[in-house]
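Raw data30.txt, compact mmCIF, C-alpha atoms:
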```txt
# COMPACT_ATOMS: atom_id res chain seq x y z
CA TYR A 589 10.22 -1.50 -145.16
CA HIS A 590 8.84 -1.29 -148.68
CA SER A 591 11.05 -2.83 -151.33
CA TYR A 592 10.12 -2.40 -154.98
CA GLU A 593 12.62 -2.07 -157.82
CA ASP A 594 15.05 0.72 -156.86
CA LEU A 595 12.67 2.73 -154.68
CA TRP A 596 13.83 3.94 -151.28
CA TYR A 597 10.86 4.47 -148.98
CA PRO A 598 11.34 5.86 -145.46
CA ILE A 599 8.19 4.44 -143.87
CA PRO A 600 7.88 0.77 -142.85
CA ASN A 601 5.01 -1.42 -144.00
CA ASP A 602 4.89 -3.80 -141.05
CA GLU A 603 1.74 -4.68 -139.14
CA ARG A 604 2.05 -1.70 -136.79
CA GLU A 605 2.33 0.73 -139.70
CA GLN A 606 -0.73 -0.85 -141.31
CA GLU A 607 -2.62 -0.29 -138.05
CA ARG A 608 -1.46 3.35 -138.05
CA GLU A 609 -2.68 3.77 -141.60
CA ASN A 610 -6.11 2.47 -140.69
CA MET A 611 -6.15 4.76 -137.65
CA ARG A 612 -5.34 7.76 -139.85
CA HIS A 613 -8.17 6.71 -142.15
CA ALA A 614 -10.59 6.66 -139.22
CA MET A 615 -9.29 10.09 -138.16
CA MET A 616 -9.92 11.49 -141.63
CA LEU A 617 -13.49 10.19 -141.71
CA GLU A 618 -14.13 11.63 -138.25
CA LEU A 619 -12.74 14.98 -139.37
CA THR A 620 -14.85 15.10 -142.55
CA GLU A 621 -17.93 13.50 -140.97
CA GLY A 622 -17.81 10.50 -143.26
CA LYS A 623 -16.67 11.99 -146.55
CA HIS A 624 -14.12 9.90 -148.44
CA PHE A 625 -13.48 12.75 -150.90
CA PHE A 626 -14.76 16.17 -151.99
CA ALA A 627 -14.42 15.95 -155.78
CA PRO A 628 -17.92 16.17 -157.33
CA ILE A 629 -17.72 12.89 -159.27
CA GLY A 630 -21.48 12.31 -159.28
CA ASP A 631 -23.47 9.23 -158.34
CA SER A 632 -22.35 6.85 -161.09
CA PRO A 633 -18.59 6.81 -161.68
CA GLN A 634 -17.42 3.90 -163.82
CA LYS A 635 -13.69 3.71 -163.06
CA ILE A 636 -11.82 4.86 -159.95
CA ILE A 637 -8.12 4.44 -159.17
CA ASP A 638 -6.55 4.82 -155.71
CA LEU A 639 -2.84 5.68 -155.82
CA GLY A 640 -0.71 4.39 -152.95
CA THR A 641 -3.64 2.37 -151.67
CA GLY A 642 -1.72 0.93 -148.70
CA THR A 643 -3.98 -1.40 -146.75
CA GLY A 644 -6.72 -0.67 -149.28
CA ILE A 645 -9.17 0.56 -146.68
CA TRP A 646 -10.18 3.67 -148.66
CA ALA A 647 -10.57 1.68 -151.89
CA ILE A 648 -12.62 -1.01 -150.15
CA GLU A 649 -15.07 1.48 -148.68
CA VAL A 650 -15.38 3.42 -151.95
CA ALA A 651 -15.96 0.17 -153.87
CA GLU A 652 -18.77 -0.60 -151.44
CA LYS A 653 -20.16 2.92 -151.88
CA PHE A 654 -20.16 2.58 -155.69
CA PRO A 655 -20.86 -1.13 -156.36
CA LEU A 656 -21.25 -0.58 -160.13
CA ALA A 657 -17.87 1.12 -160.49
CA ASN A 658 -14.60 -0.66 -161.20
CA VAL A 659 -12.12 0.37 -158.49
CA LEU A 660 -8.37 -0.25 -158.72
CA GLY A 661 -5.88 0.22 -155.88
CA ILE A 662 -2.16 0.50 -156.68
CA ASP A 663 0.78 0.27 -154.30
CA ILE A 664 4.42 -0.82 -154.31
CA THR A 665 3.67 -3.54 -151.74
CA SER A 666 0.97 -6.21 -151.68
CA ILE A 667 -0.41 -5.85 -148.15
CA GLN A 668 -4.11 -5.60 -148.99
CA PRO A 669 -6.70 -8.13 -147.80
CA ILE A 670 -7.77 -11.02 -150.04
CA TRP A 671 -11.50 -10.77 -149.40
CA VAL A 672 -12.68 -7.52 -150.95
CA PRO A 673 -15.74 -6.32 -152.90
CA PRO A 674 -16.03 -7.98 -156.33
CA ASN A 675 -15.66 -4.64 -158.13
CA LEU A 676 -12.25 -3.96 -156.54
CA GLY A 677 -8.81 -5.09 -157.62
CA PHE A 678 -5.28 -4.38 -156.36
CA LEU A 679 -2.05 -4.15 -158.33
CA VAL A 680 1.62 -3.82 -157.38
CA ASP A 681 3.20 -1.09 -159.49
CA ASN A 682 5.23 2.12 -159.38
CA ILE A 683 2.97 5.10 -160.10
CA GLN A 684 6.01 7.33 -160.69
CA ARG A 685 6.61 5.64 -164.04
CA ASP A 686 4.45 5.36 -167.17
CA TRP A 687 1.04 3.92 -166.38
CA HIS A 688 -0.17 0.82 -168.23
CA ASN A 689 -3.09 -0.05 -166.00
CA GLY A 690 -6.08 1.42 -167.78
CA GLU A 691 -7.34 4.79 -168.89
CA ASP A 692 -10.55 6.80 -169.03
CA PHE A 693 -10.81 6.94 -165.25
CA ASP A 694 -13.57 9.06 -163.76
CA PHE A 695 -11.62 9.68 -160.56
CA VAL A 696 -7.97 9.50 -159.51
CA HIS A 697 -7.46 9.60 -155.75
CA ALA A 698 -4.28 9.86 -153.67
CA ARG A 699 -3.84 10.30 -149.93
CA HIS A 700 -0.67 10.77 -147.86
CA MET A 701 1.33 10.26 -151.05
CA PHE A 702 2.84 13.47 -152.41
CA PRO A 703 5.26 14.20 -149.54
CA LEU A 704 6.89 10.83 -150.28
CA LEU A 705 7.07 11.04 -154.07
CA GLU A 706 10.35 11.62 -155.86
CA ARG A 707 8.48 12.60 -159.05
CA PRO A 708 5.23 14.31 -158.05
CA ASN A 709 4.94 16.09 -161.41
CA LYS A 710 5.12 12.74 -163.20
CA VAL A 711 2.26 11.39 -161.08
CA LEU A 712 0.17 14.49 -161.84
CA ALA A 713 0.90 14.17 -165.57
CA GLU A 714 -0.04 10.47 -165.62
CA SER A 715 -3.19 11.17 -163.61
CA PHE A 716 -4.23 13.84 -166.12
CA ALA A 717 -3.46 11.62 -169.12
CA HIS A 718 -5.50 8.69 -167.83
CA LEU A 719 -8.63 10.57 -166.79
CA LYS A 720 -11.70 10.97 -168.97
CA PRO A 721 -12.57 14.46 -170.22
CA GLY A 722 -14.29 16.06 -167.25
CA GLY A 723 -12.76 13.51 -164.85
CA TRP A 724 -11.55 14.45 -161.39
CA PHE A 725 -8.28 14.22 -159.48
CA GLU A 726 -8.02 14.61 -155.70
CA CYS A 727 -5.15 14.36 -153.25
CA GLN A 728 -5.45 14.58 -149.48
CA GLU A 729 -2.36 15.54 -147.52
CA LEU A 730 -1.50 16.35 -143.92
CA ASP A 731 0.87 19.32 -143.91
CA ALA A 732 3.82 18.65 -141.59
CA ILE A 733 4.02 22.10 -140.00
CA ALA A 734 2.90 22.66 -136.39
CA LEU A 735 0.67 25.74 -136.14
CA CYS A 736 -0.95 27.66 -133.28
CA ASP A 737 -3.47 30.53 -133.26
CA ASP A 738 -3.45 31.61 -129.62
CA GLY A 739 0.22 31.86 -128.59
CA THR A 740 0.15 28.85 -126.27
CA VAL A 741 2.95 27.02 -128.10
CA PRO A 742 6.48 27.96 -126.95
CA ALA A 743 9.28 28.88 -129.33
CA ASP A 744 11.12 25.65 -128.46
CA TYR A 745 8.06 23.42 -129.10
CA ARG A 746 9.62 20.04 -129.70
CA LEU A 747 6.94 18.66 -132.02
CA GLY A 748 7.59 21.59 -134.34
CA LYS A 749 11.32 20.90 -134.19
CA PHE A 750 10.74 17.20 -134.89
CA LEU A 751 8.65 17.97 -137.99
CA ASP A 752 11.20 20.50 -139.25
CA LEU A 753 14.12 18.10 -138.78
CA ALA A 754 12.21 15.24 -140.42
CA ALA A 755 11.42 17.50 -143.38
CA HIS A 756 15.10 18.47 -143.63
CA ALA A 757 16.18 14.83 -143.60
CA LEU A 758 13.67 13.88 -146.29
CA ARG A 759 14.84 16.72 -148.53
CA ILE A 760 18.23 15.00 -148.61
CA PHE A 761 16.53 12.11 -150.42
CA GLY A 762 14.46 14.29 -152.73
CA TYR A 763 11.18 14.31 -150.81
CA ASP A 764 9.18 17.34 -149.72
CA MET A 765 7.33 16.64 -146.48
CA GLN A 766 5.78 20.12 -146.65
CA ILE A 767 4.56 19.93 -150.25
CA ALA A 768 0.87 20.00 -149.32
CA THR A 769 0.59 23.79 -149.49
CA LYS A 770 2.60 24.01 -152.73
CA LEU A 771 0.50 21.85 -155.05
CA GLU A 772 -1.69 24.45 -156.74
CA GLU A 773 0.75 25.40 -159.49
CA PRO A 774 1.93 21.83 -160.24
CA ILE A 775 -1.70 20.66 -160.51
CA LYS A 776 -2.53 23.51 -162.89
CA ALA A 777 0.68 22.96 -164.85
CA ALA A 778 -0.36 19.35 -165.43
CA GLY A 779 -3.43 20.69 -167.26
CA PHE A 780 -6.12 20.51 -164.62
CA VAL A 781 -8.81 23.18 -164.44
CA ASN A 782 -11.29 24.08 -161.70
CA VAL A 783 -8.52 23.54 -159.16
CA THR A 784 -9.75 23.97 -155.60
CA CYS A 785 -8.25 23.71 -152.14
CA LYS A 786 -9.99 22.87 -148.89
CA LYS A 787 -8.17 23.06 -145.55
CA PHE A 788 -9.06 21.87 -142.06
CA LYS A 789 -7.39 22.37 -138.72
CA VAL A 790 -6.51 19.07 -137.07
CA PRO A 791 -5.80 19.58 -133.35
CA VAL A 792 -2.80 17.83 -131.83
CA GLY A 793 -4.09 16.23 -128.63
CA THR A 794 -7.35 16.66 -126.74
CA TRP A 795 -7.34 20.40 -126.05
CA GLN A 796 -10.40 21.14 -128.20
CA GLN A 797 -13.75 21.51 -126.42
CA ASP A 798 -15.73 19.86 -129.21
CA GLU A 799 -16.01 16.12 -128.51
CA ARG A 800 -15.56 15.11 -132.15
CA LEU A 801 -12.44 17.25 -132.53
CA ARG A 802 -11.06 15.89 -129.27
CA SER A 803 -11.38 12.42 -130.80
CA VAL A 804 -9.67 13.59 -134.00
CA GLY A 805 -6.89 15.21 -131.97
CA GLN A 806 -6.30 12.09 -129.93
CA CYS A 807 -6.00 10.03 -133.13
CA LEU A 808 -3.46 12.47 -134.55
CA ARG A 809 -1.46 12.55 -131.32
CA ASP A 810 -1.38 8.75 -131.15
CA ALA A 811 -0.32 8.53 -134.81
CA LEU A 812 2.47 11.06 -134.28
CA GLU A 813 3.72 9.28 -131.16
CA GLN A 814 3.82 5.95 -132.94
CA MET A 815 5.53 7.56 -135.92
CA LEU A 816 8.51 8.64 -133.83
CA GLY A 817 10.13 5.24 -133.63
CA ALA A 818 8.96 3.91 -136.98
CA PHE A 819 9.73 6.96 -139.07
CA GLY A 820 11.88 9.34 -137.09
CA ALA A 821 14.74 7.16 -135.87
CA ARG A 822 15.78 6.12 -139.36
CA LEU A 823 15.68 9.68 -140.69
CA PHE A 824 17.37 11.33 -137.72
CA ALA A 825 20.30 8.94 -137.97
CA GLU A 826 20.81 10.37 -141.46
CA LEU A 827 21.27 13.78 -139.81
CA GLY A 828 24.18 12.45 -137.76
CA MET A 829 22.35 12.06 -134.45
CA SER A 830 23.35 9.17 -132.22
CA GLN A 831 20.77 6.68 -131.00
CA ALA A 832 21.04 8.14 -127.48
CA GLU A 833 20.46 11.69 -128.78
CA ILE A 834 17.46 10.52 -130.79
CA GLU A 835 15.89 8.75 -127.81
CA VAL A 836 16.34 11.78 -125.50
CA PHE A 837 14.87 14.10 -128.13
CA PHE A 838 11.88 11.81 -128.69
CA VAL A 839 11.13 11.79 -124.94
CA GLY A 840 10.77 15.57 -125.14
CA VAL A 841 8.60 15.37 -128.26
CA ARG A 842 6.25 12.95 -126.52
CA GLN A 843 6.02 15.25 -123.50
CA ASP A 844 4.98 18.16 -125.71
CA LEU A 845 2.52 15.99 -127.64
CA ARG A 846 0.75 15.11 -124.39
CA ASN A 847 0.64 18.67 -123.07
CA ASP A 848 -2.87 19.99 -123.78
CA ASP A 849 -1.82 23.46 -122.66
CA TYR A 850 -0.19 23.68 -126.10
CA HIS A 851 -2.99 24.39 -128.59
CA SER A 852 -1.19 23.25 -131.71
CA TYR A 853 -2.67 21.83 -134.88
CA LEU A 854 -1.73 20.61 -138.34
CA GLU A 855 -3.57 21.36 -141.55
CA TYR A 856 -5.31 18.65 -143.57
CA ILE A 857 -5.37 19.86 -147.17
CA PHE A 858 -7.61 18.55 -149.96
CA TRP A 859 -6.73 19.50 -153.55
CA THR A 860 -9.11 18.76 -156.42
CA GLY A 861 -8.76 19.38 -160.15
CA GLN A 862 -10.70 18.46 -163.27
CA THR A 863 -9.64 17.58 -166.79
CA PRO A 864 -11.06 19.91 -169.46
CA GLY A 865 -14.01 18.86 -171.60
CA GLN A 866 -17.33 17.20 -171.00
CA PRO A 867 -17.64 13.73 -169.48
CA HIS A 868 -18.59 10.95 -171.89
CA ALA A 869 -22.23 9.95 -171.83
CA THR A 870 -22.73 6.92 -169.61
CA THR A 871 -25.54 4.55 -168.81
CA THR A 872 -27.54 5.72 -165.84
CA ARG A 873 -26.50 3.93 -162.68
CA GLN A 874 -27.55 4.14 -159.10
CA ALA A 875 -25.27 4.29 -156.12
CA VAL A 876 -25.64 5.57 -152.60
CA THR A 877 -23.53 8.44 -151.32
CA LYS A 878 -23.50 10.10 -147.95
CA THR A 879 -23.39 13.87 -147.74
CA CYS A 880 -21.94 15.40 -144.59
CA ARG A 881 -21.67 19.07 -143.66
CA LEU A 882 -18.36 20.16 -142.19
CA PRO A 883 -18.39 22.60 -139.27
CA ASP A 884 -17.64 26.17 -140.35
CA SER A 885 -15.29 26.58 -137.40
CA MET A 886 -12.88 24.07 -138.93
CA HIS A 887 -12.79 25.60 -142.42
CA LEU A 888 -9.57 27.49 -143.09
CA SER A 889 -10.57 27.93 -146.72
CA SER A 890 -13.16 26.48 -149.05
CA VAL A 891 -13.37 27.28 -152.73
CA GLY A 892 -16.11 25.87 -154.92
CA VAL A 893 -16.17 22.29 -153.63
CA SER A 894 -19.41 20.39 -153.21
CA LEU A 895 -20.97 17.01 -153.78
```
Now that the file is in, can you turn its structure into structure tokens?
Amino acid sequence: YHSYEDLWYPIPNDEREQERENMRHAMMLELTEGKHFFAPIGDSPQKIIDLGTGTGIWAIEVAEKFPLANVLGIDITSIQPIWVPPNLGFLVDNIQRDWHNGEDFDFVHARHMFPLLERPNKVLAESFAHLKPGGWFECQELDAIALCDDGTVPADYRLGKFLDLAAHALRIFGYDMQIATKLEEPIKAAGFVNVTCKKFKVPVGTWQQDERLRSVGQCLRDALEQMLGAFGARLFAELGMSQAEIEVFFVGVRQDLRNDDYHSYLEYIFWTGQTPGQPHATTTRQAVTKTCRLPDSMHLSSVGVSL
């Protein structure tokens, strides 16, 4: 598990968890057809920071996409590769305290971070303070609530129960596993303007007819199955469940995860916000970006976001 200063972090950082993180990254790119973000940062950002960079895979690919930008990845554990693009650096630090790692960023990015922050408002405030005028913030979060549109999921759906119990256990430690839908007001309160939200349905399993979404759903199902032992057992023990009770419950969760008669999905939520003012004038640079159109059928909502 992560160990940095006095932080308690419920997710391990062993090799298997790093593989899961990279799998979730691949799932996200499949879902968005190759987009690493939706904030309209332009073609020539100078400074980008990735909060909770993990294995660094997002930061590495963005550094390759913008070779003239300086990219910094921050995490509480040094698990990133040594050989990376020359415009990328990694730093071990706690983003929930005052930042001393640069300012005037064009883009602050965070993914799978806010549900596991004790001080999300502090992170938003520091992000705002260290962005240039006109700079962009974006966070990408998977909302931990099992949803269904067609009534195929039973009332005793065990994945839904697992997510609810995990959220309850995390609340004991000051985390909000279901914060993804609640970020609009905190982002605005931090000072950001032009705040937008983009949501996508992520199927659980391979019940979707669309081949790409079947692939996305399989990735999510695999990630959830692997998360049971790594993430769930530790939390559920905090709820007073015995190891035997946890193992029996997880067997049922896995059965429901693999049942494609249950058309459940989670929401992937992208929040973006901009600092007020005009961006500083910069020297013209050239970088290559890839623009991908997302299928309308997967849009739950889309407000003013474009590249």
Please provide as a list in words all residues within 8 Å of A:His700, with the sequence filter that same-chain residues fewer than 5 positions apart are discarded (counting all atoms listed in the file). Cys727, Gln728, Glu729 and Leu730 of chain A
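Proximity ranking of A:Ala734, A:Val804, A:Ala627, A:Val841 relative to A:Gly820 places A:Val841 first, based on only C-alpha atoms.
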Atom pair atom CA of A:Thr794 / atom CA of A:Ala757: separation (Å): 29.0 Å
Please report the interatomic distance between atom CA of A:Pro703 and atom CA of A:Thr740 in Å with one decimal.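 Atom-to-atom, atom CA of A:Pro703 to atom CA of A:Thr740, that is 28.0 Å.
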With only C-alpha atoms as the atoms that count, which of A:Asn689, A:Gln797, A:Asn658, A:Ser830 lies nearest to A:Asn675?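 Checking each candidate against A:Asn675, we get A:Asn658 as the closest.
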Contacts of A:Glu603 at 12 Å or less, counting all atoms listed in the file, minus same-chain residues fewer than 6 places along, as an NGL selection string? :A and (589 or 609-610 or 642-643 or 667-668 or 818)
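Atom CA of A:Gln606 lies 25.3 Å from atom CA of A:Phe837.
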